[in-house]
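What follows is the content of run-v3.cif (mmCIF, C-alpha atoms).
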data_target
#
loop_
_atom_site.label_atom_id
_atom_site.label_comp_id
_atom_site.auth_asym_id
_atom_site.auth_seq_id
_atom_site.Cartn_x
_atom_site.Cartn_y
_atom_site.Cartn_z
CA MET A 1 0.00 0.00 0.00
CA ILE A 2 2.76 2.50 0.92
CA ALA A 3 5.05 1.59 -1.98
CA GLU A 4 2.13 1.80 -4.44
CA THR A 5 1.19 5.24 -3.10
CA ASP A 6 4.78 6.45 -3.48
CA GLN A 7 4.74 5.14 -7.06
CA ALA A 8 1.49 7.00 -7.85
CA LEU A 9 2.73 10.29 -6.37
CA ALA A 10 6.00 10.08 -8.29
CA ALA A 11 4.13 9.33 -11.53
CA VAL A 12 1.71 12.25 -11.14
CA LEU A 13 4.52 14.68 -10.25
CA LYS A 14 6.58 13.57 -13.22
CA ALA A 15 3.65 13.75 -15.65
CA LYS A 16 1.80 16.86 -14.43
CA VAL A 17 4.36 19.09 -12.66
CA ILE A 18 8.01 18.38 -13.44
CA GLY A 19 7.75 17.17 -17.02
CA THR A 20 11.16 16.99 -18.72
CA ALA A 21 12.92 19.26 -16.20
CA PRO A 22 16.07 17.73 -14.63
CA ILE A 23 14.52 17.38 -11.18
CA ASN A 24 14.68 14.18 -9.13
CA ILE A 25 11.99 12.73 -6.83
CA ALA A 26 12.93 11.03 -3.56
CA PHE A 27 11.18 9.61 -0.49
CA ASP A 28 14.21 9.39 1.82
CA PRO A 29 14.35 10.96 5.26
CA PRO A 30 16.00 14.36 4.68
CA SER A 31 18.97 13.89 6.98
CA ARG A 32 22.16 15.97 6.70
CA PRO A 33 24.20 13.25 4.92
CA TRP A 34 21.40 12.78 2.40
CA ILE A 35 21.13 16.56 1.77
CA GLN A 36 24.91 16.91 1.32
CA ALA A 37 24.93 14.03 -1.19
CA LEU A 38 22.42 15.67 -3.56
CA LYS A 39 23.75 16.43 -7.05
CA ALA A 40 20.60 17.96 -8.66
CA PRO A 41 17.38 19.70 -7.63
CA THR A 42 15.19 17.17 -5.82
CA VAL A 43 11.60 17.03 -4.64
CA ASN A 44 11.42 15.13 -1.37
CA LEU A 45 8.19 13.46 -0.16
CA PHE A 46 8.88 12.25 3.35
CA MET A 47 6.10 10.19 4.94
CA TYR A 48 6.16 11.10 8.62
CA ASP A 49 2.88 9.53 9.80
CA LEU A 50 0.13 7.09 8.84
CA ARG A 51 -3.06 6.15 10.64
CA GLU A 52 -6.50 4.70 9.92
CA ASN A 53 -9.26 7.07 8.83
CA VAL A 54 -11.97 5.86 11.20
CA GLN A 55 -14.56 8.24 9.72
CA ARG A 56 -14.45 6.25 6.47
CA ARG A 57 -14.49 2.83 8.11
CA GLU A 58 -16.99 0.33 6.70
CA SER A 59 -18.67 -2.53 8.56
CA VAL A 60 -20.62 -4.49 5.92
CA TYR A 61 -19.23 -7.51 4.10
CA GLU A 62 -19.38 -7.26 0.31
CA SER A 63 -20.78 -10.19 -1.69
CA ILE A 64 -18.73 -11.15 -4.74
CA ARG A 65 -20.82 -12.84 -7.45
CA ASP A 66 -19.94 -14.69 -10.63
CA ASP A 67 -21.44 -14.18 -14.08
CA ALA A 68 -24.49 -16.29 -13.12
CA GLY A 69 -25.22 -14.12 -10.06
CA LYS A 70 -24.15 -16.69 -7.46
CA VAL A 71 -22.18 -15.58 -4.42
CA ILE A 72 -18.70 -17.05 -4.72
CA ALA A 73 -17.02 -15.09 -1.92
CA ARG A 74 -17.57 -12.43 0.70
CA ARG A 75 -15.02 -9.65 1.03
CA PRO A 76 -14.44 -8.16 4.49
CA PRO A 77 -15.01 -4.42 4.85
CA MET A 78 -12.27 -2.24 3.38
CA GLN A 79 -10.23 0.00 5.66
CA ARG A 80 -9.07 3.49 4.65
CA TRP A 81 -5.71 4.82 5.78
CA ASP A 82 -4.27 8.35 5.73
CA LEU A 83 -0.64 8.70 4.66
CA HIS A 84 0.86 12.05 5.71
CA TYR A 85 3.75 13.47 3.67
CA THR A 86 5.87 16.60 3.93
CA VAL A 87 6.81 17.86 0.45
CA SER A 88 9.92 20.02 0.22
CA VAL A 89 12.34 21.01 -2.55
CA PHE A 90 16.13 20.99 -2.37
CA ALA A 91 18.07 23.04 -4.94
CA PRO A 92 21.31 25.08 -5.14
CA ASN A 93 19.41 28.35 -4.51
CA VAL A 94 16.14 29.34 -2.89
CA ILE A 95 14.64 30.85 -6.07
CA VAL A 96 14.64 27.47 -7.81
CA GLU A 97 13.17 25.81 -4.69
CA HIS A 98 10.31 28.32 -4.53
CA LYS A 99 9.50 28.00 -8.24
CA VAL A 100 9.27 24.22 -8.04
CA LEU A 101 7.34 24.31 -4.75
CA ALA A 102 4.87 26.83 -6.20
CA ALA A 103 4.18 24.54 -9.18
CA ILE A 104 3.55 21.60 -6.81
CA VAL A 105 1.21 23.65 -4.63
CA ARG A 106 -0.68 24.97 -7.67
CA TYR A 107 -1.33 21.44 -8.94
CA PHE A 108 -2.23 19.66 -5.69
CA ALA A 109 -4.38 22.53 -4.38
CA ALA A 110 -6.78 21.99 -7.31
CA LEU A 111 -6.73 18.19 -7.02
CA ASP A 112 -9.08 16.08 -4.89
CA VAL A 113 -8.50 12.61 -6.35
CA LEU A 114 -5.43 11.10 -7.97
CA PRO A 115 -5.96 10.34 -11.68
CA VAL A 116 -6.77 6.70 -12.37
CA GLU A 117 -4.21 6.44 -15.17
CA VAL A 118 -1.30 6.93 -12.77
CA LEU A 119 -2.49 4.36 -10.20
CA PRO A 120 -0.82 0.96 -10.01
CA PRO A 121 -3.15 -2.07 -10.26
CA THR A 122 -3.10 -2.67 -6.51
CA LEU A 123 -4.70 0.74 -5.85
CA ALA A 124 -6.97 0.75 -8.91
CA GLU A 125 -8.57 -2.71 -8.51
CA PRO A 126 -10.58 -2.07 -5.29
CA GLY A 127 -12.42 0.77 -7.04
CA TYR A 128 -12.00 3.32 -4.25
CA PRO A 129 -10.86 6.85 -5.14
CA ILE A 130 -7.41 7.87 -3.87
CA LEU A 131 -8.13 11.13 -2.06
CA ILE A 132 -5.68 14.03 -1.85
CA ASN A 133 -5.79 16.71 0.83
CA THR A 134 -3.44 19.65 1.34
CA GLY A 135 -4.97 20.79 4.62
CA GLY A 136 -3.12 21.00 7.88
CA GLY A 137 -2.09 17.74 9.51
CA THR A 138 -0.47 16.92 12.82
CA LYS A 139 2.62 19.02 12.03
CA ARG A 140 0.85 22.16 10.82
CA GLY A 141 1.98 25.33 12.59
CA MET A 142 5.60 24.12 12.93
CA PHE A 143 8.60 24.98 10.76
CA LEU A 144 10.17 22.07 8.92
CA ASN A 145 13.54 21.44 10.51
CA TYR A 146 15.79 19.38 8.27
CA ALA A 147 19.22 18.64 9.74
CA GLY A 148 19.05 21.83 11.80
CA ASP A 149 18.01 24.07 8.88
CA LEU A 150 14.56 25.64 8.45
CA LYS A 151 12.82 24.99 5.14
CA ALA A 152 9.43 25.73 3.63
CA GLY A 153 7.30 22.70 2.80
CA LEU A 154 3.84 21.43 1.99
CA GLU A 155 1.82 18.89 3.91
CA LEU A 156 0.04 16.31 1.79
CA THR A 157 -2.43 13.67 3.00
CA VAL A 158 -3.30 10.69 0.77
CA THR A 159 -6.22 8.43 1.71
CA VAL A 160 -5.82 4.92 0.29
CA PRO A 161 -7.73 1.64 0.77
CA MET A 162 -6.12 -1.11 2.79
CA PRO A 163 -6.89 -4.54 1.27
CA PRO A 164 -8.33 -6.83 3.98
CA PRO A 165 -7.06 -10.38 4.53
CA PRO A 166 -8.66 -13.00 2.27
CA ALA A 167 -11.99 -14.24 3.56
CA PRO A 168 -12.72 -17.97 3.94
CA PRO A 169 -14.62 -19.51 1.02
CA PRO A 170 -18.39 -19.53 1.40
CA ALA A 171 -20.41 -22.69 1.97
CA PRO A 172 -21.61 -24.51 -1.15
CA PRO A 173 -25.04 -23.44 -2.41
CA VAL A 174 -28.13 -25.48 -1.50
CA GLN A 175 -28.96 -27.99 -4.25
CA GLN A 176 -32.27 -29.45 -2.94
CA GLN A 177 -35.16 -28.56 -0.68
CA PRO A 178 -34.87 -29.54 3.01
CA GLN A 179 -36.75 -32.69 4.07
CA ILE A 180 -38.09 -33.61 7.51
CA GLN A 181 -38.11 -37.26 8.58
CA VAL A 182 -39.53 -38.58 11.86
CA ASN A 183 -37.86 -41.75 13.13
CA PRO A 184 -39.84 -44.23 15.26
CA VAL A 185 -39.21 -44.57 18.97
CA PRO A 186 -36.67 -47.32 19.65
CA GLY A 187 -38.44 -50.53 20.80
CA ALA A 188 -41.89 -49.44 19.64
CA ASP A 189 -44.00 -51.47 17.18
CA PRO A 190 -44.89 -49.25 14.21
CA ALA A 191 -47.84 -51.58 13.35
CA ARG A 192 -49.47 -51.17 16.80
CA PRO A 193 -52.40 -48.70 16.73
CA ALA A 194 -52.13 -45.80 19.12
CA ALA A 195 -54.19 -46.04 22.32
CA ALA A 196 -56.82 -43.48 23.21
CA SER A 197 -54.69 -42.17 26.08
CA GLU A 198 -51.81 -41.52 23.68
CA THR A 199 -53.78 -39.28 21.36
CA ALA A 200 -54.74 -35.71 22.04
CA PRO A 201 -58.46 -35.22 22.72
CA ALA A 202 -60.39 -33.51 20.01
CA GLY A 203 -61.48 -30.02 20.88
CA PRO A 204 -65.04 -28.73 20.75
CA PRO A 205 -66.36 -27.95 17.30
CA ARG A 206 -65.92 -24.42 16.24
CA SER A 207 -69.13 -22.46 15.90
CA ALA A 208 -69.78 -20.46 12.80
CA PRO A 209 -69.29 -16.71 13.20
CA PRO A 210 -72.52 -14.72 13.67
CA PRO A 211 -73.91 -12.97 10.61
CA PRO A 212 -73.14 -9.28 10.34
CA ALA A 213 -75.71 -6.94 11.94
CA SER A 214 -77.95 -4.80 9.77
CA ASP A 215 -77.99 -1.00 9.81
CA LYS A 216 -81.22 -0.94 11.87
CA GLU A 217 -79.74 -3.25 14.50
CA LYS A 218 -76.58 -1.17 14.66
CA ALA A 219 -78.63 2.03 15.19
CA ALA A 220 -80.70 0.38 17.95
CA ALA A 221 -77.58 -0.90 19.69
CA ALA A 222 -75.97 2.54 19.51
CA LYS A 223 -79.13 4.12 21.01
CA VAL A 224 -79.19 1.62 23.90
CA ALA A 225 -75.50 2.21 24.54
CA ALA A 226 -76.03 5.99 24.63
CA GLU A 227 -78.95 5.63 27.09
CA GLN A 228 -76.90 3.37 29.34
CA ALA A 229 -74.02 5.83 29.30
CA GLU A 230 -76.35 8.72 30.16
CA ALA A 231 -77.85 6.74 33.05
CA ALA A 232 -74.41 5.89 34.36
CA ARG A 233 -73.35 9.55 34.29
CA ALA A 234 -76.58 10.58 36.10
CA ALA A 235 -76.01 7.96 38.82
CA VAL A 236 -72.43 9.01 39.40
CA GLN A 237 -72.86 12.79 39.20
CA PRO A 238 -74.04 14.34 42.56
CA PRO A 239 -77.07 16.68 42.51
CA LEU A 240 -76.27 20.31 41.90
CA PRO A 241 -76.79 22.65 44.94
CA LYS A 242 -79.73 25.05 44.82
CA PRO A 243 -78.80 28.60 43.97
CA ILE A 244 -78.75 31.04 46.90
CA GLU A 245 -81.66 33.51 46.70
CA PRO A 246 -80.99 37.18 47.55
CA LEU A 247 -82.25 38.53 50.87
CA ASP A 248 -85.68 40.18 50.97
CA PRO A 249 -85.55 43.68 52.63
CA GLU A 250 -89.11 43.37 53.94
CA ALA A 251 -88.35 40.08 55.62
CA ILE A 252 -85.31 41.67 57.26
CA ALA A 253 -87.49 44.58 58.52
CA ASP A 254 -90.17 42.23 59.90
CA ASP A 255 -87.58 40.14 61.70
CA THR A 256 -86.04 43.25 63.23
CA THR A 257 -89.42 44.62 64.46
CA SER A 258 -90.53 41.32 65.94
CA SER A 259 -87.24 40.89 67.74
CA GLU A 260 -87.46 44.39 69.29
CA ALA A 261 -91.10 43.80 70.41
CA GLY A 262 -90.20 40.50 71.99
CA ALA A 263 -87.39 42.12 73.92
CA SER A 264 -89.72 44.83 75.34
CA ASP A 265 -92.35 42.30 76.37
CA ALA A 266 -89.72 40.27 78.12
CA LYS A 267 -88.72 43.31 80.12
CA LYS A 268 -92.32 43.93 81.18
CA THR A 269 -93.09 40.38 82.24
CA ALA A 270 -89.85 39.78 84.07
CA PRO A 271 -90.50 39.50 87.90
CA THR A 272 -88.88 42.08 90.19
CA LYS A 273 -86.72 40.89 93.03
CA PRO A 274 -87.86 42.17 96.49
CA ALA A 275 -85.42 44.39 98.32
CA SER A 276 -83.76 42.88 101.39
CA PRO A 277 -84.63 44.49 104.78
CA PRO A 278 -81.99 46.76 106.34
CA LYS A 279 -79.81 45.35 109.07
CA GLU A 280 -80.21 46.74 112.60
CA ALA A 281 -77.29 48.21 114.36
CA THR A 282 -76.15 46.46 117.53
#

Would you write the structure of this file as structure tokens?
Amino acid sequence: MIAETDQALAAVLKAKVIGTAPINIAFDPPSRPWIQALKAPTVNLFMYDLRENVQRRESVYESIRDDAGKVIARRPPMQRWDLHYTVSVFAPNVIVEHKVLAAIVRYFAALDVLPVEVLPPTLAEPGYPILINTGGGTKRGMFLNYAGDLKAGLELTVTVPMPPPPAPPPAPPVQQQPQIQVNPVPGADPARPAAASETAPAGPPRSAPPPPASDKEKAAAAKVAAEQAEAARAAVQPPLPKPIEPLDPEAIADDTTSSEAGASDAKKTAPTKPASPPKEAT
């Protein structure tokens, strides 16, 4: 997977960016001995990290069928992996480095998928697109430090499919319908008739369903149900209290007069208590 991705990146750079210019392409770690050994301008694609793209993970097995439509194998779900590269240019002067780096940025910034014609068979056969992304990765925001020297570079992320291990062959297809066979109980005589106690009793005969009711019968039943519901509500609902009538002024006046007259009569008829005789002085 990694070697095929390197091959595809080198092919697309050679065909779309570099052309016939005398510029080499390398994937070596840019150490100081490697930099000092360069003889010509070189584009370096150093892969510093790789990890699975869990957001593109699949979980369904894929059925592989032959020309007749029969399932001959089941392929496990394909994994997708992100390969992170730092792209930098090494040349005798900075002007040449910037020109080559600008051409690389201009091409990959407008590219989302690697062209199929530059893919090796291992990457092209699964049928998944090889995605290209120039966004920031895990190293974004840091200067590229090669052998103690700072250098401008481009981060490139390539998402490639990881072929799963071969799946076991499927079971052979069913050739005939399943059959059920009941074997006799060991020691039993198949010619002996079954006793009455060994057979399940027959259930009661099923009665025929009643005929559907006519419209008149349905209306009568609905009327009876409404009357019963009304009677049930009347039995449950308590009687409403009588409304309070306003006071009558004349009745209040009569009650006041009669109460005052009764009080005066009571004063007249009340017996007087005789005065006690004075005590004599001794």

| request: Could you jot down the CA of Pro77 in chain A to CA of Val113 in chain A separation for me, Å, one decimal place? | output: 21.4 Å

| request: Take CA of Pro166 in chain A and CA of Ala68 in chain A and report the distance between them in Å, one decimal. | output: 22.3 Å

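Nearest residue to Gly135 in chain A among A:His84, A:Arg106, A:Arg51, A:Lys99 is A:His84, counting all atoms listed in the file.
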
Selection in question (the file shown): the PyMOL selection byres ((chain A and resi 14) around 12). Which residues does it include, as an mmCIF file with C-alpha atoms, in the coordinates of the input?
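Result file part.cif:
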data_model
loop_
_atom_site.group_PDB
_atom_site.id
_atom_site.type_symbol
_atom_site.label_atom_id
_atom_site.label_comp_id
_atom_site.auth_asym_id
_atom_site.auth_seq_id
_atom_site.Cartn_x
_atom_site.Cartn_y
_atom_site.Cartn_z
ATOM 1 C CA GLN A 7 4.740 5.140 -7.060
ATOM 2 C CA ALA A 8 1.490 7.000 -7.850
ATOM 3 C CA LEU A 9 2.730 10.290 -6.370
ATOM 4 C CA ALA A 10 6.000 10.080 -8.290
ATOM 5 C CA ALA A 11 4.130 9.330 -11.530
ATOM 6 C CA VAL A 12 1.710 12.250 -11.140
ATOM 7 C CA LEU A 13 4.520 14.680 -10.250
ATOM 8 C CA ALA A 15 3.650 13.750 -15.650
ATOM 9 C CA LYS A 16 1.800 16.860 -14.430
ATOM 10 C CA VAL A 17 4.360 19.090 -12.660
ATOM 11 C CA ILE A 18 8.010 18.380 -13.440
ATOM 12 C CA GLY A 19 7.750 17.170 -17.020
ATOM 13 C CA THR A 20 11.160 16.990 -18.720
ATOM 14 C CA ALA A 21 12.920 19.260 -16.200
ATOM 15 C CA PRO A 22 16.070 17.730 -14.630
ATOM 16 C CA ILE A 23 14.520 17.380 -11.180
ATOM 17 C CA ASN A 24 14.680 14.180 -9.130
ATOM 18 C CA ILE A 25 11.990 12.730 -6.830
ATOM 19 C CA ALA A 26 12.930 11.030 -3.560
ATOM 20 C CA THR A 42 15.190 17.170 -5.820
ATOM 21 C CA VAL A 43 11.600 17.030 -4.640
ATOM 22 C CA ALA A 103 4.180 24.540 -9.180
ATOM 23 C CA ILE A 104 3.550 21.600 -6.810
ATOM 24 C CA TYR A 107 -1.330 21.440 -8.940
ATOM 25 C CA VAL A 118 -1.300 6.930 -12.770
#

Counting only C-alpha atoms, note down every residue that has an atom within 7 Å of the point (-7.2, 15.1, -5.2) (file coordinates), as a PDB file with C-alpha atoms, keeping the file's coordinate frame.
ATOM      1  CA  PHE A 108      -2.230  19.660  -5.690  1.00  0.00           C
ATOM      2  CA  LEU A 111      -6.730  18.190  -7.020  1.00  0.00           C
ATOM      3  CA  ASP A 112      -9.080  16.080  -4.890  1.00  0.00           C
ATOM      4  CA  VAL A 113      -8.500  12.610  -6.350  1.00  0.00           C
ATOM      5  CA  LEU A 114      -5.430  11.100  -7.970  1.00  0.00           C
ATOM      6  CA  LEU A 131      -8.130  11.130  -2.060  1.00  0.00           C
ATOM      7  CA  ILE A 132      -5.680  14.030  -1.850  1.00  0.00           C
ATOM      8  CA  ASN A 133      -5.790  16.710   0.830  1.00  0.00           C
TER       9      ASN A 133
END

| query | Which residues, written as an MDAnalysis selection string, have at least one atom at most 9 Å from Val71 in chain A, with all atoms listed in the file counted and residues fewer than 4 positions away on the same chain left out? | reply | chainID A and resid 63:66 170 173

| message | Please compute the CA of Glu155 in chain A-CA of Tyr85 in chain A distance, one decimal, in Å. | response | 5.8 Å

| said: Need to verify the contact set: Leu123 in chain A, 8 Å, all atoms listed in the file, exclusion of same-chain residues closer than 2 positions in sequence. Can you return it as a ChimeraX atom specification? | reply: /A:1,4-5,119-121,125-128,130,160-161

| task | I need the residue set behind the PyMOL selection byres ((chain A and resi 79) around 10) for this file; please write it as a count of residues only. | result | 17
